[in-house]
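Enquirer: Right, I'll just put the structure down here and ask away after.
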Protein chains: 2
Amino acid sequence: MAAVQSLRDYVREISEIQSAASLAAWDQRTHMPPQGAEARAKIAGRLERLAFERLVSDRMGELLRAAEAEAESEVDRALVREWKRDYTRHRAIPPDFYQKLVETTSRAETAWEKAKAASDFPVFRPHLEEVVSLVREMAELIGYTTSPYDALVEEFEPGMTVARLRPILGDLRTDLVAFLKQLGRGKAPRGLPSGAFPLDTQRQFCREALGWIGYDFEGGRLDDSVHPFTIGVGPGDVRVTNRYAEDDPFSGLFGALHEGGHALYGQGADPALAWTGLAGGSSFGIHESQSRFWENQIGRSLPFWRHAHPHLARHFPHLSRTAPEDIWRHVNRVQPSLIRVEADEVTYNLHICLRFELEVDLLEGRLSVAELPDRWNQAMGEYLGVTPPDDRRGVLQDVHWSGGMFGYFPSYTLGNLYAAQITETAEKEISGFWERVERGELATIREWLREAVHRHGRMYRPEELCTRVTGSGLSAEPFLRYVRAKYGEVYGL
Amino acid sequence: MAAVQSLRDYVREISEIQSAASLAAWDQRTHMPPQGAEARAKIAGRLERLAFERLVSDRMGELLRAAEAEAESEVDRALVREWKRDYTRHRAIPPDFYQKLVETTSRAETAWEKAKAASDFPVFRPHLEEVVSLVREMAELIGYTTSPYDALVEEFEPGMTVARLRPILGDLRTDLVAFLKQLGRGKAPRGLPSGAFPLDTQRQFCREALGWIGYDFEGGRLDDSVHPFTIGVGPGDVRVTNRYAEDDPFSGLFGALHEGGHALYGQGADPALAWTGLAGGSSFGIHESQSRFWENQIGRSLPFWRHAHPHLARHFPHLSRTAPEDIWRHVNRVQPSLIRVEADEVTYNLHICLRFELEVDLLEGRLSVAELPDRWNQAMGEYLGVTPPDDRRGVLQDVHWSGGMFGYFPSYTLGNLYAAQITETAEKEISGFWERVERGELATIREWLREAVHRHGRMYRPEELCTRVTGSGLSAEPFLRYVRAKYGEVYGL
């Protein structure tokens, strides 16, 4: 086992450097004083470089070859598989190409910011053309069998392909568009009494809610940030951040449950996986399933609000004359809208289906960047029945493409689908599932998730993990059953 | 200049890694969740190792030799001088010896904690014997001309020697012991009205005070910690921490001024020194002078309290019936006591003189560890007129020796001496010095310090810097004039 141990020692060094980088990233978004920004970029760049040099080194290649011949245990084989994957993908990109990509996307992101502010797509267009061209070249360098998109989506969802995504997202889209029309004939929930929700009270409420789901503050913390995020600084240190809206306590609460779901995944990893690179999640999609589980499957359920309502009313007395059902209906309103990040649970996936279709067509060469805004607006009309009045609220709304992040968007919907699929299994395997939620006894559910998902970290690839947990591979059916049942009831269909 | 540039690139890499380590250290003492401790030790150790490997590498030796032949500008010569010093000192210690020292001091510190808690010197004795023996061996490895102590004090105060320290600290001790006797015949200040000082109000008051002295919150922050400290995370990011006592607002305030003084040094470094390793302070003693300047020379002066009193009274209304003079007298009480960290400005240096004499005798072999407690107690009686009832409040009170930190203690007193010496010069060079303090106009004074001291970072060695600023080398006379004048007035002599 000498070769495996040498590989372990080497990836431990990389992991420790990455851990320092994670801390620097957390601090940058939560506590760093403004004038520290320039130095922080240098520190982050240095740590990234130290880790990257090791990842793509000849020594890593030798260690992987030697360890591959030796690895026997499940963990050791996963260790070799995952590091070989990262090594191979990153070695495929020559340093000069990588630098060009970083510079191009950096300029493109600046151009995107300007273009978005002025709602002026032509400002962004040449940059996006350059990025798409480079990303296609990158896909060629990495290699693929069927679609260049496969080489990219693999980064976020190992094993996923266009061939597999297209029918799943296509059917999902058709069914959701139809269901949305049905909802239009239902009865929309009423609003709640308005009022102010002091930020400190919201923070306290969110800390309590994180406690309900079992987030361990001895191994983490909750801070404010502009965009909520979860970050594993290291074993025993998984931190969440959140933001709060003065006029709406639910945005903060669901943000906390969402990040808390990500954090439970990190806190639940088997300690034996520490410093192996296997303590992270199986994929972005599986990670998102854990956040969506607590945010939506649990947090937007009626039993949850039967538990949470008295606590809400205690913190915000002017809501004490509402009923749990009122809150439940309020947080389950469906309203087609222009902006993805503000979308509800039903329409959210349509925003993703649209982006997936457009980015596959861009990558496979069936769509030019010039045609992009029209195709965007047309699809918005078809899927959601709304048409962006300008590109700022249309094709320019997301940062992802300017940064070269093609293949990332499906993760969001995969998370929603996996979450529904896992919930169906949990309902069967945990006796009195919803009664437990109603009593606020969430420990059994969290422990079940820990055993089923969290403790394995990155040991299993997403499709394998999904099958181990739910008995079958990815499917959109559980999610469709879930939205039809819940929203049918909310809208009195 | 190719060789100098290569050296600059190399030390930039070391400095960036050290910067990441500083952030990790800051977070560990302010925000890290308890369960993150084990991982943090790994991260800190990894970063230290990455920096250390580079510092003592053959490549560093080659770069220094090449750059030394080329360096012309004052900065480049300082760059070579300082890195050569660190390189030479650290190369002199074989890795095996260093590891033995780390292990021994780690065990000794644990033993010291136990021994202190039980006031049981014999528990600590064999460990301290081992540490002293190793530290003497280290001094031999590093090399010295006259005393092994010189090899150690050099780490903290470059250029300082026993031969130079002994007469200065000896005279200081004699004069302070005599002055203390005089004070005993004076009139001690009365106490202040007691009351509670809410911690959040104290934090706010300290933020204001840091603002008065010109600490820039855009390039730093103030957090709580168990022991106050200042840390340069990187250029543009110099952070301070503080602690507060519920029954005493002055402990927190002077802590803030003290750390703020250190931080101004860091914030005031010439930006051209960033990432060169020259942006730190000239020495521990000079650094301490900057904290003592604001804490004592300014913060414990009557003009300062004429400015600060209305603010104090605004935050803590039950003090509003006091006069500025009452506060001034209160914060300038002198009371010989057993514990160094609780000592006042006059007796503090006697605690240091005692430690200096004992550690020199230990290092030069004139004193055995077994004799240490008796010598300690005897000297406390002679210098301060108090005798420790047990070793916990005597020889076991400080952590330094258990960690092998011999040669560090003089820095504290050097800081006090330099501070008084610099203040005498500033009084002459800045017109209406004390009137400015009384009006709270501290900007001119801070700018003068920045020009005289801060901007040079580590460019000049302490004795050279002292001479540049004050016109002469280190002297105890200004400090003695200062305490005689102020405490003579406070005690009505």
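Every chain in the structure tokens has a letter given in the order shown (A, B, ...), and although residue numbers restart at 1 in each chain, ligands are simply numbered from 1 in the order shown.
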Would you give me, as number ranges by chain, the residues of chain B that come within 6 Å of chain A, using only C-alpha atoms?
Expert: B: 16, 33-36, 39, 43, 218-220, 234-237
Enquirer: Residues as selected, C-alpha atoms, written as a PDB file, in the first residue's frame, can you do that?
Expert:
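Ended up saving to part30.pdb:
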ATOM      1  CA  GLU B  16       2.024  35.642   0.085  1.00  0.00           C
ATOM      2  CA  PRO B  33     -15.665  27.230  15.376  1.00  0.00           C
ATOM      3  CA  PRO B  34     -14.299  24.919  18.111  1.00  0.00           C
ATOM      4  CA  GLN B  35     -14.350  21.774  15.969  1.00  0.00           C
ATOM      5  CA  GLY B  36     -12.190  23.465  13.361  1.00  0.00           C
ATOM      6  CA  ALA B  39      -7.835  21.062  10.800  1.00  0.00           C
ATOM      7  CA  ILE B  43      -3.388  24.207   7.612  1.00  0.00           C
ATOM      8  CA  GLU B 218     -11.227  50.659   5.400  1.00  0.00           C
ATOM      9  CA  GLY B 219      -7.940  48.814   5.749  1.00  0.00           C
ATOM     10  CA  GLY B 220      -8.652  46.852   8.897  1.00  0.00           C
ATOM     11  CA  GLY B 234      -1.556  41.725   3.995  1.00  0.00           C
ATOM     12  CA  PRO B 235      -1.110  45.152   2.410  1.00  0.00           C
ATOM     13  CA  GLY B 236      -4.300  47.132   3.056  1.00  0.00           C
ATOM     14  CA  ASP B 237      -5.480  44.688   5.701  1.00  0.00           C
TER      15      ASP B 237
END
Enquirer: Let me make sure I understand: among B:Phe304, B:Trp376, B:Tyr460, B:Phe316, which one has the smallest atom-to-atom distance to Gly440 of chain B if we use only C-alpha atoms?
Expert: B:Phe304
Enquirer: Using only C-alpha atoms for the distances, tell me which of A:Ile213, A:Ala178, A:Met1, A:Val334 is nearest to Glu68 of chain A.
Expert: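 Once distances to Glu68 of chain A are computed over only C-alpha atoms, the minimum belongs to A:Met1.
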Enquirer: Just checking: using only C-alpha atoms, which residue out of A:Arg29, A:Pro324, A:Lys428, A:Glu48 ends up closest to Arg243 of chain A?
Expert: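 So, comparing all the options, the nearest one is A:Arg29.
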Enquirer: Set the distance at 10 Å and use only C-alpha atoms: which residues neighbour Leu222 of chain A once local chain neighbours fewer than 4 positions away are removed? I'd like the list as a list in words.
Expert: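 My list of contacting residues is Arg203, Cys206, Arg207, Leu210, Phe217, Thr230, Val238, Arg239, Val240, Thr241, Asn242, Ala256, Glu259 and Gly260 of chain A.
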Enquirer: Could you state the separation of atom CA of Arg173 of chain B and atom CA of Gly403 of chain B in Å, given to one decimal place?
Expert: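 Between atom CA of Arg173 of chain B and atom CA of Gly403 of chain B the gap is 26.3 Å.
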Enquirer: May I have the residues within 10 Å of Asn296 of chain A as a short mmCIF file (atom, residue, chain, number, x, y, z; two decimals) with N, CA and C atoms, in the first residue's frame, using only C-alpha atoms and disregarding those fewer than 3 positions away in the same chain?
Expert:
data_model
loop_
_atom_site.label_atom_id
_atom_site.label_comp_id
_atom_site.auth_asym_id
_atom_site.auth_seq_id
_atom_site.Cartn_x
_atom_site.Cartn_y
_atom_site.Cartn_z
N PHE A 254 -35.51 30.85 3.94
CA PHE A 254 -35.26 29.81 2.94
C PHE A 254 -33.80 29.82 2.49
N LEU A 257 -32.13 27.78 5.21
CA LEU A 257 -32.39 26.34 5.07
C LEU A 257 -31.63 25.78 3.86
N HIS A 258 -31.57 26.57 2.80
CA HIS A 258 -30.85 26.14 1.60
C HIS A 258 -29.37 25.94 1.91
N SER A 289 -29.31 19.05 -4.38
CA SER A 289 -30.47 18.29 -3.88
C SER A 289 -30.57 18.40 -2.37
N SER A 291 -29.60 20.96 -0.51
CA SER A 291 -30.10 22.29 -0.13
C SER A 291 -31.59 22.41 -0.46
N ARG A 292 -31.98 21.89 -1.62
CA ARG A 292 -33.39 21.95 -2.01
C ARG A 292 -34.26 21.09 -1.11
N PHE A 293 -33.71 19.98 -0.63
CA PHE A 293 -34.48 19.11 0.27
C PHE A 293 -34.98 19.91 1.47
N GLY A 299 -39.00 22.69 3.96
CA GLY A 299 -39.27 24.06 4.37
C GLY A 299 -40.52 24.68 3.75
N ARG A 300 -40.93 24.20 2.61
CA ARG A 300 -42.16 24.72 1.99
C ARG A 300 -43.32 23.73 2.11
N SER A 301 -43.21 22.81 3.10
CA SER A 301 -44.31 21.85 3.32
C SER A 301 -45.24 22.37 4.42
N VAL A 331 -45.85 30.95 0.85
CA VAL A 331 -44.49 30.60 0.38
C VAL A 331 -44.54 29.64 -0.79
N ASN A 332 -45.76 29.32 -1.25
CA ASN A 332 -45.89 28.43 -2.40
C ASN A 332 -46.67 29.09 -3.54
N GLU A 345 -40.67 27.59 -7.27
CA GLU A 345 -40.27 26.19 -7.45
C GLU A 345 -40.74 25.58 -8.77
N ASN A 416 -33.15 19.86 -7.95
CA ASN A 416 -34.59 19.79 -7.66
C ASN A 416 -35.14 18.38 -7.90
N ALA A 419 -33.77 15.91 -5.31
CA ALA A 419 -34.38 16.19 -3.99
C ALA A 419 -35.75 15.52 -3.89
N ALA A 420 -36.55 15.64 -4.97
CA ALA A 420 -37.89 15.04 -4.94
C ALA A 420 -37.78 13.52 -4.91
#
Enquirer: Name the residues in contact with segment 262-270 of chain A at a cut-off of 6 Å, using only C-alpha atoms, excluding same-chain residues fewer than 6 positions from it; report them as an mmCIF file with N, CA and C atoms, in the first residue's frame.
Expert:
data_model
loop_
_atom_site.group_PDB
_atom_site.id
_atom_site.type_symbol
_atom_site.label_atom_id
_atom_site.label_comp_id
_atom_site.auth_asym_id
_atom_site.auth_seq_id
_atom_site.Cartn_x
_atom_site.Cartn_y
_atom_site.Cartn_z
ATOM 1 N N ALA A 279 -14.200 14.339 0.590
ATOM 2 C CA ALA A 279 -15.187 14.770 1.580
ATOM 3 C C ALA A 279 -16.200 15.746 0.990
ATOM 4 N N GLN A 290 -29.422 18.473 -1.702
ATOM 5 C CA GLN A 290 -29.442 18.553 -0.245
ATOM 6 C C GLN A 290 -29.926 19.918 0.229
ATOM 7 N N SER A 291 -29.596 20.964 -0.507
ATOM 8 C CA SER A 291 -30.105 22.292 -0.132
ATOM 9 C C SER A 291 -31.589 22.409 -0.455
ATOM 10 N N ARG A 450 -27.770 11.513 6.259
ATOM 11 C CA ARG A 450 -26.336 11.390 6.504
ATOM 12 C C ARG A 450 -25.855 9.993 6.083
ATOM 13 N N HIS A 454 -24.758 11.894 2.876
ATOM 14 C CA HIS A 454 -23.679 12.778 3.353
ATOM 15 C C HIS A 454 -22.373 12.053 3.613
ATOM 16 N N ARG A 455 -22.456 10.924 4.327
ATOM 17 C CA ARG A 455 -21.211 10.337 4.807
ATOM 18 C C ARG A 455 -20.320 9.853 3.662
ATOM 19 N N GLY A 457 -19.604 11.409 0.934
ATOM 20 C CA GLY A 457 -18.855 12.470 0.255
ATOM 21 C C GLY A 457 -18.893 12.271 -1.249
#
Enquirer: Mind listing the alpha helix (DSSP H) residues of segment 189-392 of chain B, per DSSP on the backbone, as a VMD selection string?
Expert: chain B and resid 199 to 213 249 to 267 284 to 292 302 to 315 324 to 330 345 to 364 372 to 384
Enquirer: I'd like the neighbourhood of Ala139 of chain A as a list of chain:residue names, where a residue qualifies if any of its atoms comes within 12 Å (using only C-alpha atoms), though same-chain residues fewer than 5 positions away should be ignored.
Expert: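 Near Ala139 of chain A, the qualifying residues are A:Arg89, A:His90, A:Ala92, A:Ile93, A:Val132, A:Ser133, A:Leu134, A:Tyr144, A:Thr145, A:Thr146, A:Ser147, A:Pro148, A:Tyr149, A:Asp150, A:Ala151, A:Leu152, A:Val153, A:Glu154, A:Glu155, A:Leu363, A:Glu364, A:Gly404, A:Phe406, A:Gly407.
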Enquirer: Between A:Phe124, A:Glu288, A:Asp374, A:Glu246, which residue has the minimum interatomic distance to Phe229 of chain A, considering only C-alpha atoms?
Expert: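 The shortest atom-to-atom distance to Phe229 of chain A comes from A:Glu288.
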Enquirer: Quick one, how far is atom CA of Ala379 of chain A from atom CA of Tyr412 of chain A?
Expert: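 Here the two named atoms are 18.8 Å from each other.
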